[in-house]
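Read through the structure below, which is laid out as structure tokens, and then see the notes.
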Amino acid sequence: MKITLLTVGKTDVRWVREGLDLYVSRLRHYVPFALTEIPELKNVSALTQDQIKEREGELILAALRPADEVILLDERGRQYRSVEFARFLEDRMTRGGRDLVFVVGGAYGFSQKVYDRAGGRISLSDMTFSHQMVRTIFAEQLYRAFTILRGEPYHHE
């Protein structure tokens with residue numbers, strides 16, 4: 001099983017990028033992991049939020065393979081404690097076969113077509129984080145989950 005974090009736009013905030021790079025490098029010790037950044041749309045000032053979501057949605061859907069299990073990072077998704085999220089990953093890994101793709105959308109969220117393609121949604125918090133920061137926060141939680149599954153002394157209950 002491979003895990004991909006698919007994002008809309010580059011991670012261009014320096015300190016966010018540094019944190020993301022740190023956890024991406026750590027994750028690769030546990031699982032085949034890829035970070036895929038879809039280019040941000042250009043010249044969108046004349047577009048509505050829905051039009052932006054539709055165009056970003058087309059790019060997201062084009063980046064997915066039919067067999068991928070798609071999980072959206074979405075404010076209306078299910079919240080997990082870190083240990084629960086580790087068990088969620090463990091369950092997906094024992095099933096085998098399907099690669100997991102976690103998707104961070106753009107500033108306005110996802111189109112309905114992307115919601116329809118997704119197999120689930122996860123929320124990191126009741127609070128709202130920028131779509132830039134979510135990348136690093138999520139990568140850290142993925143890393144934490146793997147250390148929990150391996151019984152390593154990173155997570156403290």
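Identifiers in the structure tokens: chain A, B, ... in order shown; residue index from 1 per chain; ligand index from 1 in order shown.
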If you run DSSP on the backbone, which residues of range 26-157 of chain A are helix (DSSP H, G or I), as a PyMOL selection string? chain A and resi 26-27+49-63+82-95+112-117+131-149
Would you save the residues of that selection, restricted to C-alpha atoms, as a CSV table (one decimal), in the first residue's frame?
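Dumped to result21.csv:
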chain,number,residue,atom,x,y,z
A,26,ARG,CA,10.2,10.5,8.4
A,27,LEU,CA,7.1,8.9,6.8
A,49,GLN,CA,-16.0,30.2,-5.8
A,50,ASP,CA,-18.0,27.3,-7.3
A,51,GLN,CA,-16.2,27.7,-10.6
A,52,ILE,CA,-12.9,27.6,-8.8
A,53,LYS,CA,-14.0,24.4,-6.9
A,54,GLU,CA,-15.1,22.8,-10.2
A,55,ARG,CA,-11.8,23.5,-12.0
A,56,GLU,CA,-9.7,22.4,-9.0
A,57,GLY,CA,-12.0,19.3,-8.8
A,58,GLU,CA,-11.2,18.4,-12.4
A,59,LEU,CA,-7.5,18.5,-11.6
A,60,ILE,CA,-7.9,16.4,-8.4
A,61,LEU,CA,-10.0,13.8,-10.3
A,62,ALA,CA,-7.4,13.6,-13.1
A,63,ALA,CA,-4.7,12.9,-10.5
A,82,SER,CA,-4.5,9.8,17.2
A,83,VAL,CA,-4.7,6.2,18.4
A,84,GLU,CA,-8.0,5.8,16.6
A,85,PHE,CA,-6.5,7.2,13.4
A,86,ALA,CA,-3.6,4.7,13.8
A,87,ARG,CA,-6.2,1.9,13.9
A,88,PHE,CA,-7.9,3.3,10.9
A,89,LEU,CA,-4.6,3.1,8.9
A,90,GLU,CA,-3.9,-0.3,10.3
A,91,ASP,CA,-7.3,-1.5,9.1
A,92,ARG,CA,-6.7,-0.1,5.6
A,93,MET,CA,-3.2,-1.7,5.5
A,94,THR,CA,-4.5,-5.2,6.5
A,95,ARG,CA,-7.1,-5.0,3.7
A,112,GLN,CA,-19.5,17.9,-5.6
A,113,LYS,CA,-17.7,15.5,-8.1
A,114,VAL,CA,-14.8,15.2,-5.7
A,115,TYR,CA,-17.1,14.5,-2.8
A,116,ASP,CA,-18.8,11.8,-4.9
A,117,ARG,CA,-15.5,10.1,-5.7
A,131,HIS,CA,-5.1,24.7,3.5
A,132,GLN,CA,-1.3,25.3,3.7
A,133,MET,CA,-1.1,24.4,7.4
A,134,VAL,CA,-3.3,21.3,7.1
A,135,ARG,CA,-0.6,19.6,5.0
A,136,THR,CA,2.0,19.7,7.8
A,137,ILE,CA,-0.5,19.0,10.6
A,138,PHE,CA,-1.8,16.0,8.7
A,139,ALA,CA,1.7,14.7,7.8
A,140,GLU,CA,2.6,14.8,11.5
A,141,GLN,CA,-0.5,12.9,12.4
A,142,LEU,CA,0.4,10.2,9.8
A,143,TYR,CA,3.9,10.0,11.2
A,144,ARG,CA,2.4,9.8,14.7
A,145,ALA,CA,0.0,7.0,13.6
A,146,PHE,CA,2.9,4.9,12.3
A,147,THR,CA,4.9,5.3,15.5
A,148,ILE,CA,1.8,4.2,17.5
A,149,LEU,CA,1.4,1.1,15.4
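Atom to atom, CA of Asp21 in chain A and CA of Lys42 in chain A stand 25.3 Å apart.
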As a VMD selection string, please: every residue in range 6-55 of chain A that a backbone DSSP assignment puts in strand (DSSP E). chain A and resid 6 to 8 33 to 38
Considering only C-alpha atoms, return as a ChimeraX atom specification whatever protein or nucleic-acid residues lie within 7 Å of Ile38 in chain A, sequence-local ones (same chain, fewer than 6 positions apart) excluded. /A:7-9
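Note that the spacing between CA of Gly120 in chain A and CA of Leu72 in chain A amounts to 6.3 Å.
Distances here use only C-alpha atoms; by that measure, the residue among A:Gly77, A:Pro39, A:Pro66, A:Gly106 closest to Lys10 in chain A is A:Pro39.
Proximity to Ser123 in chain A at 7 Å, evaluated using only C-alpha atoms and with sequence-adjacent residues fewer than 6 positions away removed, yields Leu73, Asp74, Glu75, Arg76, Gly77, Arg78 and Gln79 of chain A.
Separating CA of Leu47 in chain A from CA of Phe102 in chain A is a distance of 26.3 Å.
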